[in-house]
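S.K.: Structure in structure tokens, see below.
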Amino acid sequence: MKYKVGIVGVSRGGSYMHHFGRGTRSEITALCDLKEASLAACAEEMHLPKEACYTDYEAFLDSGIDIVVVSTPIPFHEEQVVRALEKGKHVFSEVTMANTLEGCTRIREAAKRSAGTYMMAENYIFFHFIQEWKKYVEAGYLGRIHYAEAEYIHNIRNLLVDTASGETFWRTYRPPIHYCSHCLGPIMALIGDGDYIVKATASGNKNTMVSDFWPSTIDIQVALFETKQGRGIKIARSQVTPVPEPHTVYYSVYGTKGFLENDRQHHESVGHRYFEGIDKETVPINCYQTDVFAAEYAKKSHGTSDYTIANYFLDCLDFGRTPLLNEDFAFELTVPGIIAHEAACQGNVWLDVPHFE
Ligand SMILES: NC(=O)c1ccc[n+]([C@@H]2O[C@H](COP(=O)([O-])OP(=O)(O)OC[C@H]3O[C@@H](n4cnc5c(N)ncnc54)[C@H](O)[C@@H]3O)[C@@H](O)[C@H]2O)c1
């Protein structure tokens, strides 16, 4: 039996269209978007009839699909994910979980009640080098991780607001630190240990680089997080700071016996490691987002992470496993950013981050 997969939001969803649309385990049977032209182009690419294209989300959900890939703008995630879960569908949802604390809570509750499985598609955890780092951590080379930091600096001014016409888009209203799961995902997955964030503060509530002030045009936000077990985490996020492509995706992880870090700006980068008692000095290591030995079709976007995470989700369904990125972890990777922005707005105060036992 092949899983019948429907994709809502065919822009970013186009990447998963290819990964779920090939192989023996799944096939694309329905597409949904508000833009008919985009639907028609994707349907042609996947050799789907026009009957497989929907602009009505409810009709799309009722078309016999098993899995819904939610790739619409974040403000739509809450309603679309909850509705799919209520209908017992498996949901593979783009990041972040939702744009409000209430939305994340609602999705979490719907997932607990549903016969379907929810997973947030935080693909950066599946970068090849992060998976390699996980092996070092599990083998004890770092000792106990006690501090980590990450930066995701991506100049996407053209996606935030059209400064000439004043036209706004969905990202216009997204503060940089709200989009924190690309940073927190790999870090919290490496820490593991049942730990989670309990407190947040942040700086950054001004813009100097883009003429109009919108939540998204804040120059940069830097958040500090404290975990239940006393670990410190620092995240820097900007959507306007000029960095050349490939943009900055940086992680460093410090433990009681050493550290790991990648290069800030080269996605197939050389990073460094130092393991006390093993390395005499800092040692260069490959930090490729791509698994260079993977098949060419697996290298379609974000290194091999999109392909790997799609397969991981199908594995979880096939073997009845709870995904790492289930509704609880999705909540823990999304809500700290929402609280951190609130902390910045309140004047850099420390705020509690909600957690469900
Ligand atoms: N994981 C990653 O690396 C990554 C990369 C890019 C985007 N994203 C996520 O993917 C999602 C989509 O981002 P994007 O860049 O494709 O946005 P986008 O604005 O480029 O495209 C959104 C698409 O959804 C459609 N759409 C909008 N509202 C809809 C609705 N109510 N019902 C059906 N279709 C609707 C639009 O017509 C458009 O085709 C977001 O959640 C974003 O955070 C993740």
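Going through the structure tokens in order, the chains are called A, B, and so on, while each chain numbers its residues from 1 and the ligands are numbered from 1 in the order shown.
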Could you list, with a cut-off of 9 Å and counting only C-alpha atoms and all ligand atoms, the residues of chain A near ligand 1, each shown with its nearest atom pair and the distance in Å rounded to one decimal, rows sorted by chain and ascending number, as JSON lines?
M.R.:
```
{"residue": "A:Val8", "atom": "CA", "partner": "ligand 1", "partner_atom_place_in_ligand_line": "33 (C)", "distance": 5.5}
{"residue": "A:Gly9", "atom": "CA", "partner": "ligand 1", "partner_atom_place_in_ligand_line": "24 (O)", "distance": 3.5}
{"residue": "A:Val10", "atom": "CA", "partner": "ligand 1", "partner_atom_place_in_ligand_line": "39 (O)", "distance": 4.9}
{"residue": "A:Ser11", "atom": "CA", "partner": "ligand 1", "partner_atom_place_in_ligand_line": "16 (O)", "distance": 4.1}
{"residue": "A:Arg12", "atom": "CA", "partner": "ligand 1", "partner_atom_place_in_ligand_line": "16 (O)", "distance": 3.6}
{"residue": "A:Gly13", "atom": "CA", "partner": "ligand 1", "partner_atom_place_in_ligand_line": "16 (O)", "distance": 6.4}
{"residue": "A:Gly14", "atom": "CA", "partner": "ligand 1", "partner_atom_place_in_ligand_line": "16 (O)", "distance": 8.3}
{"residue": "A:Cys32", "atom": "CA", "partner": "ligand 1", "partner_atom_place_in_ligand_line": "33 (C)", "distance": 5.7}
{"residue": "A:Asp33", "atom": "CA", "partner": "ligand 1", "partner_atom_place_in_ligand_line": "34 (N)", "distance": 3.5}
{"residue": "A:Leu34", "atom": "CA", "partner": "ligand 1", "partner_atom_place_in_ligand_line": "34 (N)", "distance": 4.7}
{"residue": "A:Lys35", "atom": "CA", "partner": "ligand 1", "partner_atom_place_in_ligand_line": "37 (O)", "distance": 4.9}
{"residue": "A:Glu36", "atom": "CA", "partner": "ligand 1", "partner_atom_place_in_ligand_line": "37 (O)", "distance": 8.5}
{"residue": "A:Ser38", "atom": "CA", "partner": "ligand 1", "partner_atom_place_in_ligand_line": "39 (O)", "distance": 6.5}
{"residue": "A:Leu39", "atom": "CA", "partner": "ligand 1", "partner_atom_place_in_ligand_line": "39 (O)", "distance": 8.2}
{"residue": "A:Tyr54", "atom": "CA", "partner": "ligand 1", "partner_atom_place_in_ligand_line": "33 (C)", "distance": 8.7}
{"residue": "A:Thr55", "atom": "CA", "partner": "ligand 1", "partner_atom_place_in_ligand_line": "33 (C)", "distance": 6.7}
{"residue": "A:Asp56", "atom": "CA", "partner": "ligand 1", "partner_atom_place_in_ligand_line": "32 (N)", "distance": 7.8}
{"residue": "A:Tyr57", "atom": "CA", "partner": "ligand 1", "partner_atom_place_in_ligand_line": "32 (N)", "distance": 6.7}
{"residue": "A:Val70", "atom": "CA", "partner": "ligand 1", "partner_atom_place_in_ligand_line": "11 (C)", "distance": 7.6}
{"residue": "A:Ser71", "atom": "CA", "partner": "ligand 1", "partner_atom_place_in_ligand_line": "11 (C)", "distance": 4.3}
{"residue": "A:Thr72", "atom": "CA", "partner": "ligand 1", "partner_atom_place_in_ligand_line": "24 (O)", "distance": 4.1}
{"residue": "A:Pro73", "atom": "CA", "partner": "ligand 1", "partner_atom_place_in_ligand_line": "40 (C)", "distance": 4.3}
{"residue": "A:Ile74", "atom": "CA", "partner": "ligand 1", "partner_atom_place_in_ligand_line": "41 (O)", "distance": 4.4}
{"residue": "A:Pro75", "atom": "CA", "partner": "ligand 1", "partner_atom_place_in_ligand_line": "41 (O)", "distance": 8.1}
{"residue": "A:Phe76", "atom": "CA", "partner": "ligand 1", "partner_atom_place_in_ligand_line": "31 (N)", "distance": 5.9}
{"residue": "A:His77", "atom": "CA", "partner": "ligand 1", "partner_atom_place_in_ligand_line": "41 (O)", "distance": 7.4}
{"residue": "A:Gln80", "atom": "CA", "partner": "ligand 1", "partner_atom_place_in_ligand_line": "31 (N)", "distance": 8.1}
{"residue": "A:Ser93", "atom": "CA", "partner": "ligand 1", "partner_atom_place_in_ligand_line": "41 (O)", "distance": 7.7}
{"residue": "A:Glu94", "atom": "CA", "partner": "ligand 1", "partner_atom_place_in_ligand_line": "41 (O)", "distance": 4.8}
{"residue": "A:Val95", "atom": "CA", "partner": "ligand 1", "partner_atom_place_in_ligand_line": "43 (O)", "distance": 4.9}
{"residue": "A:Thr96", "atom": "CA", "partner": "ligand 1", "partner_atom_place_in_ligand_line": "43 (O)", "distance": 5.9}
{"residue": "A:Met97", "atom": "CA", "partner": "ligand 1", "partner_atom_place_in_ligand_line": "41 (O)", "distance": 8.2}
{"residue": "A:Ala98", "atom": "CA", "partner": "ligand 1", "partner_atom_place_in_ligand_line": "41 (O)", "distance": 8.5}
{"residue": "A:Ala121", "atom": "CA", "partner": "ligand 1", "partner_atom_place_in_ligand_line": "1 (N)", "distance": 6.5}
{"residue": "A:Glu122", "atom": "CA", "partner": "ligand 1", "partner_atom_place_in_ligand_line": "1 (N)", "distance": 5.9}
{"residue": "A:Asn123", "atom": "CA", "partner": "ligand 1", "partner_atom_place_in_ligand_line": "1 (N)", "distance": 5.6}
{"residue": "A:Tyr124", "atom": "CA", "partner": "ligand 1", "partner_atom_place_in_ligand_line": "3 (O)", "distance": 7.2}
{"residue": "A:Leu159", "atom": "CA", "partner": "ligand 1", "partner_atom_place_in_ligand_line": "19 (O)", "distance": 8.2}
{"residue": "A:Phe169", "atom": "CA", "partner": "ligand 1", "partner_atom_place_in_ligand_line": "19 (O)", "distance": 7.7}
{"residue": "A:Trp170", "atom": "CA", "partner": "ligand 1", "partner_atom_place_in_ligand_line": "19 (O)", "distance": 7.0}
{"residue": "A:Arg171", "atom": "CA", "partner": "ligand 1", "partner_atom_place_in_ligand_line": "19 (O)", "distance": 8.0}
{"residue": "A:Tyr179", "atom": "CA", "partner": "ligand 1", "partner_atom_place_in_ligand_line": "43 (O)", "distance": 7.6}
{"residue": "A:His182", "atom": "CA", "partner": "ligand 1", "partner_atom_place_in_ligand_line": "1 (N)", "distance": 7.7}
{"residue": "A:Ser301", "atom": "CA", "partner": "ligand 1", "partner_atom_place_in_ligand_line": "3 (O)", "distance": 8.5}
{"residue": "A:His302", "atom": "CA", "partner": "ligand 1", "partner_atom_place_in_ligand_line": "3 (O)", "distance": 6.8}
{"residue": "A:Ser305", "atom": "CA", "partner": "ligand 1", "partner_atom_place_in_ligand_line": "3 (O)", "distance": 9.0}
{"residue": "A:Asp306", "atom": "CA", "partner": "ligand 1", "partner_atom_place_in_ligand_line": "1 (N)", "distance": 7.9}
```
S.K.: Could you jot down the atom CA of A:Ile125 to atom CA of A:Phe225 separation for me, Å, one decimal place?
M.R.: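 For atom CA of A:Ile125 relative to atom CA of A:Phe225, the distance reads 18.9 Å.
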S.K.: Using only C-alpha atoms, which of the listed residues (A:Phe92, A:Phe126, A:Thr117, A:Glu342) sits closest to A:Asp318?
M.R.: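 With only C-alpha atoms as the atom set, the closest residue is A:Thr117.
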S.K.: Looking only at strand (DSSP E or B) from DSSP on the backbone, list the matching residues of stretch 68-208 of chain A as a ChimeraX atom specification.
M.R.: /A:68-70,90-93,118-120,145-153,161,168,197-203
S.K.: Check the smallest atom-to-atom distance from each of A:Pro175, A:Pro186, A:Gly116, A:Gly21 to A:Leu325 using only C-alpha atoms, then report the winner.
M.R.: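 Nearest candidate to A:Leu325 out of A:Pro175, A:Pro186, A:Gly116, A:Gly21: A:Pro186.
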S.K.: Among stretch 117-274 of chain A, which ones does DSSP assign to alpha helix (DSSP H) (computed from the backbone)? Answer as a PDB file with C-alpha atoms, in the first residue's frame.
M.R.:
```
ATOM      1  CA  HIS A 128      24.042  15.637   7.325  1.00  0.00           C
ATOM      2  CA  PHE A 129      26.581  17.250   9.683  1.00  0.00           C
ATOM      3  CA  ILE A 130      24.048  17.631  12.499  1.00  0.00           C
ATOM      4  CA  GLN A 131      23.314  13.904  12.257  1.00  0.00           C
ATOM      5  CA  GLU A 132      27.092  13.265  12.390  1.00  0.00           C
ATOM      6  CA  TRP A 133      27.458  15.568  15.409  1.00  0.00           C
ATOM      7  CA  LYS A 134      24.679  13.596  17.125  1.00  0.00           C
ATOM      8  CA  LYS A 135      26.859  10.476  16.862  1.00  0.00           C
ATOM      9  CA  TYR A 136      29.760  12.300  18.581  1.00  0.00           C
ATOM     10  CA  VAL A 137      27.422  13.507  21.327  1.00  0.00           C
ATOM     11  CA  GLU A 138      25.910  10.056  21.887  1.00  0.00           C
ATOM     12  CA  ARG A 157      13.904  41.845   2.555  1.00  0.00           C
ATOM     13  CA  ASN A 158      12.101  41.211  -0.749  1.00  0.00           C
ATOM     14  CA  LEU A 159       9.828  38.681   1.020  1.00  0.00           C
ATOM     15  CA  LEU A 160       9.024  40.965   3.952  1.00  0.00           C
ATOM     16  CA  SER A 181      13.209  26.430  15.069  1.00  0.00           C
ATOM     17  CA  HIS A 182      16.014  26.232  12.479  1.00  0.00           C
ATOM     18  CA  CYS A 183      18.297  27.313  15.336  1.00  0.00           C
ATOM     19  CA  LEU A 184      16.695  25.598  18.325  1.00  0.00           C
ATOM     20  CA  GLY A 185      15.872  22.366  16.454  1.00  0.00           C
ATOM     21  CA  PRO A 186      19.427  21.083  15.950  1.00  0.00           C
ATOM     22  CA  ILE A 187      20.549  22.395  19.350  1.00  0.00           C
ATOM     23  CA  MET A 188      17.737  20.795  21.361  1.00  0.00           C
ATOM     24  CA  ALA A 189      18.030  17.570  19.338  1.00  0.00           C
ATOM     25  CA  LEU A 190      21.756  17.428  20.174  1.00  0.00           C
ATOM     26  CA  ILE A 191      21.145  18.191  23.863  1.00  0.00           C
TER      27      ILE A 191
END
```
